[in-house]
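What follows is query.cif (mmCIF, C-alpha atoms (C1' of nucleotides)).
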```
data_entry
loop_
_atom_site.label_atom_id
_atom_site.label_comp_id
_atom_site.auth_asym_id
_atom_site.auth_seq_id
_atom_site.Cartn_x
_atom_site.Cartn_y
_atom_site.Cartn_z
CA MET B 21 9.84 4.79 -43.70
CA SER B 22 9.95 7.69 -41.28
CA ASP B 23 7.78 5.88 -38.78
CA GLY B 24 10.21 3.04 -38.41
CA LEU B 25 7.57 0.39 -39.08
CA PRO B 26 7.93 -2.55 -41.45
CA PRO B 27 6.60 -1.62 -44.88
CA GLN B 28 4.06 -4.44 -45.02
CA MET B 29 2.40 -3.12 -41.88
CA GLY B 30 1.01 0.01 -43.47
CA GLN B 31 -1.59 2.33 -42.03
CA SER B 32 -4.26 -0.26 -41.53
CA LEU B 33 -2.56 -1.93 -38.58
CA LEU B 34 -1.00 1.13 -37.00
CA PHE B 35 -3.61 1.03 -34.27
CA LEU B 36 -2.22 -2.27 -33.04
CA THR B 37 1.24 -0.96 -32.13
CA ASP B 38 2.42 -1.40 -28.55
CA GLU B 39 2.38 2.37 -28.28
CA GLN B 40 -1.29 2.57 -29.18
CA LEU B 41 -2.13 -0.31 -26.89
CA ARG B 42 -0.31 1.31 -24.01
CA LYS B 43 -2.21 4.54 -24.49
CA GLY B 44 -5.43 2.58 -24.39
CA ILE B 45 -4.36 0.89 -21.17
CA GLU B 46 -3.49 4.17 -19.50
CA ALA B 47 -6.69 5.76 -20.78
CA MET B 48 -8.68 2.95 -19.18
CA PHE B 49 -6.91 3.47 -15.88
CA PHE B 50 -7.43 7.21 -15.69
CA ALA B 51 -10.94 7.15 -17.14
CA TYR B 52 -12.14 4.55 -14.69
CA ARG B 53 -11.08 6.80 -11.86
CA GLY B 54 -13.21 9.58 -13.27
CA PHE B 55 -16.01 7.14 -13.91
CA THR B 56 -16.28 6.26 -10.22
CA ALA B 57 -15.38 9.65 -8.73
CA ASP B 58 -18.84 11.23 -8.60
CA PRO B 59 -20.74 8.30 -7.09
CA ASP B 60 -17.86 7.80 -4.66
CA ARG B 61 -18.42 11.28 -3.28
CA ILE B 62 -22.11 10.60 -2.66
CA LEU B 63 -21.36 7.20 -1.14
CA ALA B 64 -18.74 8.60 1.22
CA GLU B 65 -21.36 10.86 2.80
CA GLN B 66 -23.34 7.81 3.88
CA SER B 67 -20.26 5.72 4.69
CA TYR B 68 -21.02 3.31 1.88
CA GLY B 69 -18.55 2.14 -0.73
CA ARG B 70 -18.42 1.05 -4.32
CA ALA B 71 -19.56 -2.42 -3.40
CA HIS B 72 -22.84 -0.96 -2.15
CA HIS B 73 -23.21 1.01 -5.37
CA ARG B 74 -22.74 -2.09 -7.49
CA ALA B 75 -25.27 -4.06 -5.47
CA ILE B 76 -27.82 -1.25 -5.64
CA HIS B 77 -27.29 -0.79 -9.37
CA PHE B 78 -27.82 -4.41 -10.28
CA ILE B 79 -30.73 -4.94 -7.89
CA HIS B 80 -32.33 -1.96 -9.58
CA ARG B 81 -31.69 -3.50 -12.97
CA ASN B 82 -32.82 -6.99 -11.89
CA PRO B 83 -35.66 -6.53 -9.43
CA GLY B 84 -36.41 -9.71 -7.51
CA THR B 85 -33.04 -11.23 -8.32
CA THR B 86 -31.66 -13.86 -5.97
CA VAL B 87 -28.44 -13.57 -4.02
CA ASN B 88 -26.88 -16.23 -6.19
CA ASN B 89 -27.70 -14.46 -9.42
CA LEU B 90 -26.37 -11.18 -8.09
CA LEU B 91 -23.24 -13.05 -7.06
CA SER B 92 -22.53 -14.23 -10.57
CA ILE B 93 -23.11 -10.76 -12.01
CA LEU B 94 -20.82 -9.06 -9.52
CA GLY B 95 -18.17 -11.76 -9.57
CA VAL B 96 -17.37 -11.69 -5.85
CA THR B 97 -17.76 -14.27 -3.11
CA LYS B 98 -21.11 -14.59 -1.43
CA GLN B 99 -19.62 -13.69 1.94
CA SER B 100 -18.37 -10.42 0.53
CA LEU B 101 -21.72 -9.62 -1.04
CA ASN B 102 -23.56 -10.71 2.08
CA ARG B 103 -21.85 -8.14 4.25
CA VAL B 104 -22.85 -5.35 1.88
CA LEU B 105 -26.35 -6.70 1.49
CA ARG B 106 -26.79 -7.00 5.24
CA THR B 107 -26.07 -3.33 5.83
CA LEU B 108 -28.32 -2.29 2.97
CA ILE B 109 -31.16 -4.40 4.38
CA GLU B 110 -30.56 -3.13 7.94
CA ASP B 111 -30.59 0.43 6.65
CA GLY B 112 -33.86 -0.20 4.85
CA LEU B 113 -32.57 0.35 1.32
CA VAL B 114 -33.07 -3.21 0.13
CA SER B 115 -35.77 -5.74 0.96
CA SER B 116 -35.10 -9.46 1.08
CA THR B 117 -38.07 -11.80 0.80
CA VAL B 118 -38.10 -15.57 1.02
CA GLY B 119 -38.82 -17.26 -2.29
CA GLN B 120 -42.32 -18.65 -2.89
CA ARG B 121 -41.30 -21.64 -4.94
CA ASP B 122 -37.90 -22.23 -3.39
CA LYS B 123 -37.67 -21.10 0.20
CA ARG B 124 -33.88 -21.20 0.18
CA GLU B 125 -33.81 -18.25 -2.16
CA ARG B 126 -34.08 -14.61 -1.15
CA HIS B 127 -35.52 -12.17 -3.66
CA LEU B 128 -34.04 -8.69 -3.55
CA HIS B 129 -35.79 -5.40 -4.26
CA LEU B 130 -34.97 -1.75 -3.69
CA THR B 131 -37.18 0.05 -1.19
CA THR B 132 -38.32 3.62 -1.73
CA ASP B 133 -35.20 4.86 0.05
CA GLY B 134 -33.04 2.47 -1.92
CA SER B 135 -34.50 3.70 -5.19
CA ALA B 136 -33.83 7.29 -4.13
CA LEU B 137 -30.16 6.54 -3.52
CA GLU B 138 -29.93 4.58 -6.75
CA ARG B 139 -31.33 7.58 -8.55
CA ALA B 140 -28.86 9.97 -6.97
CA LEU B 141 -25.92 7.71 -7.80
CA SER B 142 -26.88 6.99 -11.36
CA ASP B 143 -27.75 10.62 -12.01
CA ALA B 144 -24.26 11.62 -10.95
CA GLN B 145 -22.64 8.91 -13.02
CA ARG B 146 -24.82 9.58 -16.04
CA ASP B 147 -24.00 13.28 -15.93
CA ARG B 148 -20.34 12.57 -16.45
CA MET B 149 -21.02 9.90 -19.05
CA ARG B 150 -23.32 12.30 -20.88
CA ALA B 151 -20.67 15.01 -20.91
CA ALA B 152 -18.11 12.55 -22.24
CA TYR B 153 -20.50 11.27 -24.92
CA ARG B 154 -21.39 14.80 -25.94
CA ALA B 155 -17.74 15.83 -26.14
CA ALA B 156 -16.79 12.78 -28.19
CA GLY B 157 -19.79 12.54 -30.49
CA PRO B 158 -22.07 9.70 -31.64
CA GLU B 159 -19.56 7.86 -33.82
CA ALA B 160 -17.04 7.81 -31.01
CA VAL B 161 -19.67 6.37 -28.69
CA VAL B 162 -20.26 3.46 -31.02
CA GLY B 163 -16.56 2.71 -31.10
CA PHE B 164 -16.25 3.12 -27.36
CA ARG B 165 -18.87 0.48 -26.73
CA GLN B 166 -17.48 -1.88 -29.35
CA VAL B 167 -14.04 -1.91 -27.79
CA LEU B 168 -15.40 -2.30 -24.27
CA GLU B 169 -17.60 -5.21 -25.29
CA ALA B 170 -14.66 -6.91 -26.95
CA MET B 171 -12.62 -6.46 -23.78
CA MET B 172 -15.06 -8.33 -21.53
CA ASP B 173 -14.74 -11.90 -20.32
CA GLU B 174 -17.26 -14.35 -21.69
CA ASP B 175 -19.23 -14.44 -18.46
CA SER B 176 -19.39 -10.67 -18.19
CA ARG B 177 -20.53 -10.39 -21.78
CA HIS B 178 -23.37 -12.80 -21.10
CA HIS B 179 -24.57 -10.76 -18.16
CA TYR B 180 -24.12 -7.55 -20.10
CA GLU B 181 -26.05 -8.78 -23.11
CA ALA B 182 -28.80 -10.21 -20.94
CA MET B 183 -29.48 -6.82 -19.39
CA LYS B 184 -28.80 -4.84 -22.48
CA ASP B 185 -32.20 -4.60 -24.06
CA ARG B 186 -34.34 -4.74 -20.97
CA PRO B 187 -36.50 -1.65 -20.56
CA GLU B 188 -35.38 0.94 -18.04
CA MET U 18 -42.71 8.52 -34.72
CA SER U 19 -42.34 4.82 -34.12
CA ASP U 20 -39.45 5.36 -31.74
CA GLY U 21 -41.55 7.41 -29.36
CA LEU U 22 -39.04 10.22 -29.19
CA PRO U 23 -39.81 13.94 -29.60
CA PRO U 24 -39.47 14.91 -33.27
CA GLN U 25 -36.85 17.58 -32.65
CA MET U 26 -34.59 14.97 -31.01
CA GLY U 27 -33.98 12.95 -34.14
CA GLN U 28 -31.17 10.48 -34.69
CA SER U 29 -28.38 12.85 -33.84
CA LEU U 30 -29.03 12.86 -30.09
CA LEU U 31 -30.21 9.29 -29.66
CA PHE U 32 -26.85 8.43 -28.13
CA LEU U 33 -27.58 10.69 -25.16
CA THR U 34 -30.65 8.83 -23.92
CA ASP U 35 -30.55 7.45 -20.39
CA GLU U 36 -30.73 4.00 -21.92
CA GLN U 37 -27.59 4.55 -23.97
CA LEU U 38 -25.81 6.11 -21.01
CA ARG U 39 -26.70 3.18 -18.79
CA LYS U 40 -25.32 0.74 -21.31
CA GLY U 41 -22.10 2.71 -21.38
CA ILE U 42 -21.91 2.59 -17.59
CA GLU U 43 -22.44 -1.15 -17.47
CA ALA U 44 -19.99 -1.68 -20.32
CA MET U 45 -17.35 0.22 -18.34
CA PHE U 46 -17.97 -1.92 -15.28
CA PHE U 47 -17.74 -5.26 -17.06
CA ALA U 48 -14.90 -4.23 -19.35
CA TYR U 49 -12.76 -2.97 -16.51
CA ARG U 50 -13.01 -6.34 -14.87
CA GLY U 51 -11.71 -7.97 -18.03
CA PHE U 52 -9.06 -5.29 -18.30
CA THR U 53 -7.55 -6.21 -14.94
CA ALA U 54 -8.20 -9.97 -14.99
CA ASP U 55 -5.03 -11.16 -16.74
CA PRO U 56 -2.50 -9.11 -14.75
CA ASP U 57 -4.38 -10.03 -11.57
CA ARG U 58 -3.68 -13.69 -12.22
CA ILE U 59 0.04 -13.10 -12.60
CA LEU U 60 0.14 -10.86 -9.54
CA ALA U 61 -1.67 -13.37 -7.38
CA GLU U 62 1.09 -15.92 -7.97
CA GLN U 63 3.59 -13.61 -6.33
CA SER U 64 1.14 -12.38 -3.71
CA TYR U 65 1.15 -8.90 -5.15
CA GLY U 66 -1.93 -6.83 -5.91
CA ARG U 67 -3.17 -4.20 -8.30
CA ALA U 68 -1.47 -1.51 -6.27
CA HIS U 69 1.91 -3.09 -7.05
CA HIS U 70 1.00 -3.29 -10.72
CA ARG U 71 0.14 0.40 -10.87
CA ALA U 72 3.38 1.38 -9.15
CA ILE U 73 5.43 -0.83 -11.45
CA HIS U 74 3.66 0.44 -14.55
CA PHE U 75 4.20 4.11 -13.81
CA ILE U 76 7.78 3.69 -12.62
CA HIS U 77 8.43 1.95 -15.91
CA ARG U 78 6.84 4.82 -17.78
CA ASN U 79 8.58 7.50 -15.70
CA PRO U 80 12.03 6.15 -14.89
CA GLY U 81 13.71 8.12 -12.13
CA THR U 82 10.43 9.61 -10.96
CA THR U 83 10.25 10.81 -7.38
CA VAL U 84 7.89 9.44 -4.76
CA ASN U 85 5.92 12.68 -4.78
CA ASN U 86 5.39 12.60 -8.52
CA LEU U 87 4.27 8.99 -8.43
CA LEU U 88 1.90 9.94 -5.64
CA SER U 89 0.15 12.54 -7.73
CA ILE U 90 -0.14 10.20 -10.71
CA LEU U 91 -1.60 7.38 -8.66
CA GLY U 92 -3.80 9.59 -6.55
CA VAL U 93 -3.29 7.72 -3.29
CA THR U 94 -1.78 8.69 0.05
CA LYS U 95 1.93 8.35 0.68
CA GLN U 96 1.31 5.83 3.46
CA SER U 97 -0.54 3.64 1.05
CA LEU U 98 2.07 3.97 -1.68
CA ASN U 99 4.89 3.54 0.79
CA ARG U 100 3.63 0.15 1.89
CA VAL U 101 3.64 -1.07 -1.70
CA LEU U 102 6.95 0.57 -2.56
CA ARG U 103 8.63 -0.88 0.49
CA THR U 104 7.81 -4.44 -0.50
CA LEU U 105 8.89 -3.84 -4.08
CA ILE U 106 12.23 -2.42 -2.92
CA GLU U 107 12.74 -5.22 -0.37
CA ASP U 108 12.00 -7.78 -3.07
CA GLY U 109 14.50 -6.15 -5.39
CA LEU U 110 12.08 -5.10 -8.11
CA VAL U 111 12.51 -1.36 -7.62
CA SER U 112 15.57 0.67 -6.76
CA SER U 113 15.42 3.90 -4.79
CA THR U 114 18.37 6.28 -5.10
CA VAL U 115 18.98 9.58 -3.34
CA GLY U 116 18.68 12.57 -5.66
CA GLN U 117 21.83 14.26 -6.95
CA ARG U 118 20.52 17.83 -7.01
CA ASP U 119 18.04 17.51 -4.16
CA LYS U 120 19.08 14.90 -1.65
CA ARG U 121 15.63 14.82 -0.07
CA GLU U 122 14.23 13.17 -3.17
CA ARG U 123 14.34 9.48 -3.99
CA HIS U 124 14.46 8.47 -7.61
CA LEU U 125 12.73 5.26 -8.53
CA HIS U 126 13.79 2.78 -11.20
CA LEU U 127 12.86 -0.77 -12.08
CA THR U 128 15.60 -3.33 -11.56
CA THR U 129 16.16 -6.17 -14.03
CA ASP U 130 13.70 -8.30 -12.08
CA GLY U 131 11.23 -5.46 -11.89
CA SER U 132 11.43 -4.92 -15.63
CA ALA U 133 10.82 -8.61 -16.18
CA LEU U 134 7.63 -8.52 -14.11
CA GLU U 135 6.52 -5.30 -15.80
CA ARG U 136 7.01 -7.00 -19.12
CA ALA U 137 4.98 -10.02 -18.12
CA LEU U 138 2.16 -7.88 -16.78
CA SER U 139 1.97 -5.51 -19.69
CA ASP U 140 2.25 -8.34 -22.21
CA ALA U 141 -0.78 -9.98 -20.66
CA GLN U 142 -2.74 -6.75 -20.57
CA ARG U 143 -1.71 -5.77 -24.08
CA ASP U 144 -2.76 -9.14 -25.45
CA ARG U 145 -6.31 -8.56 -24.35
CA MET U 146 -6.29 -4.95 -25.47
CA ARG U 147 -4.94 -6.01 -28.84
CA ALA U 148 -7.65 -8.61 -29.26
CA ALA U 149 -10.29 -6.02 -28.38
CA TYR U 150 -8.80 -3.46 -30.77
CA ARG U 151 -8.60 -6.01 -33.54
CA ALA U 152 -12.18 -7.11 -33.02
CA ALA U 153 -13.50 -3.56 -32.97
CA GLY U 154 -11.37 -2.04 -35.71
CA PRO U 155 -9.39 1.20 -36.09
CA GLU U 156 -12.32 3.61 -36.20
CA ALA U 157 -13.78 2.15 -33.03
CA VAL U 158 -10.42 2.55 -31.31
CA VAL U 159 -10.37 6.26 -32.07
CA GLY U 160 -13.82 6.65 -30.57
CA PHE U 161 -12.91 4.51 -27.60
CA ARG U 162 -10.02 6.76 -26.71
CA GLN U 163 -12.00 9.95 -27.30
CA VAL U 164 -14.73 8.96 -24.88
CA LEU U 165 -12.25 7.78 -22.25
CA GLU U 166 -10.28 10.99 -22.45
CA ALA U 167 -13.45 13.03 -22.07
CA MET U 168 -14.35 10.99 -19.00
CA MET U 169 -11.15 11.79 -17.08
CA ASP U 170 -10.76 14.33 -14.34
CA GLU U 171 -8.61 17.35 -15.13
CA ASP U 172 -5.69 16.09 -13.07
CA SER U 173 -5.79 12.65 -14.66
CA ARG U 174 -5.92 14.16 -18.12
CA HIS U 175 -2.81 16.20 -17.39
CA HIS U 176 -0.89 13.12 -16.29
CA TYR U 177 -2.23 11.16 -19.23
CA GLU U 178 -1.30 13.82 -21.77
CA ALA U 179 2.13 14.28 -20.23
CA MET U 180 2.96 10.60 -20.74
CA LYS U 181 1.13 10.24 -23.99
CA ASP U 182 3.79 11.03 -26.51
CA ARG U 183 6.81 9.88 -24.62
CA PRO U 184 8.71 7.12 -26.44
CA GLU U 185 8.24 3.57 -25.23
"C1'" DT G 30 -36.41 -41.26 3.76
"C1'" DT G 31 -32.19 -39.97 3.67
"C1'" DG G 32 -28.00 -38.13 1.83
"C1'" DG G 33 -26.17 -34.77 -1.19
"C1'" DA G 34 -26.57 -30.36 -3.55
"C1'" DA G 35 -27.93 -25.68 -3.37
"C1'" DT G 36 -28.81 -21.25 -0.91
"C1'" DG G 37 -27.67 -18.19 2.26
"C1'" DT G 38 -25.36 -16.59 7.03
"C1'" DC G 39 -21.64 -16.01 10.52
"C1'" DA G 40 -16.57 -15.70 11.94
"C1'" DA G 41 -12.05 -14.60 11.18
"C1'" DC G 42 -8.43 -12.87 8.35
"C1'" DA G 43 -5.81 -10.14 4.51
"C1'" DA G 44 -5.07 -6.37 1.09
"C1'" DA G 45 -5.16 -1.77 0.40
"C1'" DG G 46 -7.21 2.40 0.94
"C1'" DC G 47 -7.66 6.41 4.53
"C1'" DT G 48 -6.42 10.15 8.53
"C1'" DG G 49 -3.39 11.99 11.88
"C1'" DA G 50 0.91 12.58 14.13
"C1'" DC G 51 5.69 12.63 14.18
"C1'" DG G 52 10.91 12.25 13.00
"C1'" DT G 53 14.72 13.28 9.90
"C1'" DA G 54 17.21 15.20 6.39
"C1'" DT G 55 17.59 18.79 3.21
"C1'" DT G 56 16.54 23.09 1.00
"C1'" DG G 57 15.62 27.77 0.60
"C1'" DT G 58 14.65 32.31 2.68
"C1'" DC G 59 14.77 36.17 5.82
"C1'" DG O 12 22.85 31.59 10.94
"C1'" DA O 13 18.01 30.83 12.37
"C1'" DC O 14 13.95 29.00 10.80
"C1'" DA O 15 10.12 27.68 7.90
"C1'" DA O 16 9.01 24.65 4.14
"C1'" DT O 17 9.67 20.42 1.51
"C1'" DA O 18 10.45 15.38 0.69
"C1'" DC O 19 10.34 11.18 2.55
"C1'" DG O 20 9.55 7.50 5.83
"C1'" DT O 21 7.01 5.45 9.65
"C1'" DC O 22 3.78 4.30 13.55
"C1'" DA O 23 -0.89 3.64 15.06
"C1'" DG O 24 -5.48 2.88 14.06
"C1'" DC O 25 -9.54 2.67 11.24
"C1'" DT O 26 -12.63 1.35 6.98
"C1'" DT O 27 -13.96 -1.09 2.92
"C1'" DT O 28 -13.95 -5.09 0.48
"C1'" DG O 29 -12.01 -9.04 -0.88
"C1'" DT O 30 -10.77 -14.03 0.80
"C1'" DT O 31 -11.50 -19.10 3.11
"C1'" DG O 32 -13.81 -22.13 6.42
"C1'" DA O 33 -17.70 -23.71 9.05
"C1'" DC O 34 -22.61 -24.12 9.43
"C1'" DA O 35 -27.93 -23.95 9.11
"C1'" DT O 36 -31.74 -24.50 6.16
"C1'" DT O 37 -34.11 -26.20 2.26
"C1'" DC O 38 -34.80 -28.95 -1.80
"C1'" DC O 39 -34.50 -32.98 -4.64
"C1'" DA O 40 -33.45 -37.41 -6.24
"C1'" DA O 41 -31.83 -42.11 -5.41
#
```

Using the file provided, produce a representation of the structure as structure tokens.
Amino acid sequence: MSDGLPPQMGQSLLFLTDEQLRKGIEAMFFAYRGFTADPDRILAEQSYGRAHHRAIHFIHRNPGTTVNNLLSILGVTKQSLNRVLRTLIEDGLVSSTVGQRDKRERHLHLTTDGSALERALSDAQRDRMRAAYRAAGPEAVVGFRQVLEAMMDEDSRHHYEAMKDRPE
Amino acid sequence: MSDGLPPQMGQSLLFLTDEQLRKGIEAMFFAYRGFTADPDRILAEQSYGRAHHRAIHFIHRNPGTTVNNLLSILGVTKQSLNRVLRTLIEDGLVSSTVGQRDKRERHLHLTTDGSALERALSDAQRDRMRAAYRAAGPEAVVGFRQVLEAMMDEDSRHHYEAMKDRPE
DNA sequence: TTGGAATGTCAACAAAGCTGACGTATTGTC
DNA sequence: GACAATACGTCAGCTTTGTTGACATTCCAA
């Protein structure tokens, strides 16, 4: 055995070696940096950060969502989200309206300005994703998503699946 | 056309729709959270953070690396890295030795304790990666890595490639 | 009707990134 | 040998984004 692996392991399990796993870990690290680089540049111009991007993205995807729901999607404390939300509301990118049925709730929507920023951010991020998809090809994309989905926590997967098939 | 797409588009380019790209973006977001969750728990016990993990990981992978080299891999400022490095050295997890050839340089190594923590962290992270790989299968793993590599910045890809085939 | 649960806000603090300036030791070059 | 460049460390100060604790408002159920 020139590869130094136990004979019973064979080719079928080669992808589970520590070496392969480590490469996957490092690939995640470096790729995530690229993944956030383009939106980060746009955000820096307006002195916003990634937290603002995440809030804007998921408000766009869940119009009328409550603070609590957004909280469970983003997985941060409400105080942390509140700070971000406050600046977005002050700057007129997000609107917060008191709930009809339950007046404790606030329903969040993007304003025209908020939608414009969302568009700019997601265009930038999609451009890179598109280039990566194109370079890797359709079969690779299927595998990419399968591994990512398997890597999620249960809670994340629920949120992910819930938004998955909603129309754009 | 029941799918409402232009005829010339066909199946081959379906994976480049905005819808598919958005799913990829959200998958990256949720998966990355899972990716860091397990090490984060271990780090929190010792009041360390992700920055310490990154330093430990890449010192492990590049034993004897200089501060400057680590800086360019991590892509942070030296002040930021220095804060992390200082605590790791004080706590006896990393050793810093003056260079033989160039005495301005410091060469970084993990101590026994540092290696033990590295092992604990990477075991936890590998366990999740292994589970994801196993669930998705070998072909998916190839695609996963292809897309991630295509998503990296040039600089990141250089660092990634340089470490790729080095023995564990 | 009242007490507890839920929703959201404010205050203060910590981790970790950043810029800018500066000091020291060492190296390499003119 | 003088002097610029390099490698590293550090101080000060700021920003973003996470945390916990305290608190007001609203709803619901005993």

**Report entry** For DC39 of chain O, the nearest of the candidates B:Asp60, B:Asp122, B:Asp133, B:Glu174, counting all atoms listed in the file
**Finding:**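 Distance minimum relative to DC39 of chain O lands on B:Asp122.
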
**Report entry** Polymer residues at most 12 Å from (-15.5, -20.1, 5.1) by only C-alpha atoms (C1' of nucleotides), as number ranges by chain
**Finding:** B: 97-100; G: 38-42; O: 30-34

Requested in this report: For chain U, report every residue with an atom at most 12 Å from chain G (counting only C-alpha atoms (C1' of nucleotides)), formatted as JSON, numbers by chain.
Outcome: {"U": [61, 64, 65, 66, 67, 68, 69, 92, 93, 94, 95, 96, 97, 98, 99, 100, 101, 115, 116, 117, 118, 119, 120, 121, 122]}

Query - Within 8 Å of chain U: residues of chain O, using only C-alpha atoms (C1' of nucleotides), as a ChimeraX atom specification - result: /O:18-20

Report task. Residues of chain B near chain U: apply a cut-off of 8 Å, count only C-alpha atoms, and supply the list as a PyMOL selection string. Result -> chain B and resi 32-33+35-36+38-39+41-48+50-55+145-146+148-156+158-173+176-177+180+184+188

With 8 Å added on each side, what axis-aligned box encloses every listed atom of segment 37-50 of chain G? Give the centre and edge lengths in Å to one decimal, as JSON.
```
{"center_x": -13.4, "center_y": -2.8, "center_z": 7.3, "size_x": 44.6, "size_y": 46.8, "size_z": 29.7}
```

Report task. Would you mind reading off the distance between atom CA of Ala133 of chain U and atom CA of Leu102 of chain U, one decimal, in Å? Result ->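 Value for the atom CA of Ala133 of chain U-atom CA of Leu102 of chain U distance: 16.9 Å.
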
Report task. Would you work out the distance separating atom CA of Thr114 of chain U from atom CA of Pro80 of chain U, expressed in Å to one decimal? Result -> 11.7 Å
